[in-house]
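Participant: Sharing a structure here in structure tokens format.
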Amino acid sequence: MIKHALVFTLLISGILGGCGENDITEQQIQLTPPPADFISPYRFIKFRLEAASDILKTAANTDGSITTNTAQYKTRYNSTDGVITYSEIYLLETAPCSQTESFDPVAILNAVAVNPKILEERDRMAHLATYYDHQEKLKISVTCEQNGAPIVVRFSNKYYQV
């Protein structure tokens, strides 16, 4: 009986271990470099909402967030008690992304003016890469959150853990 259980366990392990190995392909993306006047969204973390609004030349809405749009990016900045605590940037050139196609997160980070060499990679899946920036005390997520959407980079100090 133990022999049969061991064979069954090994068989299931082999099947599960091989699942999806060939299902994930690398998504090749050609990204436009950020414009010379581009300021990465993480730079606004801890800014007063009014100061960020002045720099971005965009008024905050009633829920305390600022949204900017260009042909290349859609960026949102959220505030708590009048201070920016979260930002996200959608790279419109990456649409449509696919959750089953792996992408190069380093290319994505470079496209939003983040130096990947100073980051610690924490998690990596086909549709998600998570990093910690210990200098800025930020958690950075690069993700394809749903098929057909653009890739989004999120910056937050709320879930940063040492």
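Just remember, in the structure tokens the first chain shown is A, the second B, etc., residues are 1-based per chain, and ligands are 1-based in the order shown.
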DSSP on the backbone: which residues in range 43-157 of chain A end up as strand (DSSP E)? Give the answer as a count of residues only.
Facilitator: 49
Participant: Which residues in chain A does DSSP call helix (DSSP H, G or I)? List them as a ChimeraX atom specification.
Facilitator: /A:2-18,41-44,49-56,92-94,105-111,116-118
Participant: When you count only C-alpha atoms, which of these residues is closest to Ser98 in chain A: A:Lys57, A:Lys46, A:His127, A:Arg76?
Facilitator: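 Using only C-alpha atoms, Ser98 in chain A sits closest to A:His127.
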Participant: Need the shell around Leu109 in chain A: protein/DNA/RNA residues with any atom at most 10 Å away, counting only C-alpha atoms. Skip same-chain ones fewer than 4 positions apart. Format as a VMD selection string?
Facilitator: chain A and resid 40 104 to 105 113 to 116 140 to 142 153
Participant: With only C-alpha atoms as the counted atoms, please give the residues lying no more than 8 Å from Gly64 in chain A, apart from itself and same-chain residues fewer than 5 positions off, as a PyMOL selection string.
Facilitator: chain A and resi 49+78-80+82
Participant: Just want the 12 Å neighbourhood of Ile39 in chain A, counted on only C-alpha atoms, with same-chain residues fewer than 2 positions away dropped. Output as a PyMOL selection string.
Facilitator: chain A and resi 34-37+41-45+52+55-56+73+75+89+111-114
Participant: With distances taken over only C-alpha atoms, which residue among A:Asn157, A:Ser65, A:Asp54, A:Cys144 lies nearest Thr85 in chain A?
Facilitator: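 Once distances to Thr85 in chain A are computed over only C-alpha atoms, the minimum belongs to A:Asn157.
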Participant: Looking at A:Tyr160, A:Tyr132, A:Phe155, A:Tyr86, which one is nearest to Glu120 in chain A, with distances taken over only C-alpha atoms?
Facilitator: A:Tyr132
Participant: Give me, as a list in words, all polymer residues having an atom no more than 7 Å from Thr94 in chain A, counting only C-alpha atoms and skipping those fewer than 3 positions away in the same chain.
Facilitator: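 Counting only the stated atoms, we get Ile29, Leu91, Cys97, Pro150 and Ile151 of chain A.
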Participant: So what do you get for CA of Asn147 in chain A versus CA of Thr130 in chain A, distance-wise?
Facilitator: 18.7 Å
Participant: Rounded to one decimal, what separation in Å do you get between CA of Glu88 in chain A and CA of Val152 in chain A?
Facilitator: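 Here the two named atoms are 6.7 Å from each other.
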Participant: Provide the CA of Tyr90 in chain A to CA of Lys74 in chain A distance in Å, to one decimal place.
Facilitator: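 It comes out at 5.1 Å.
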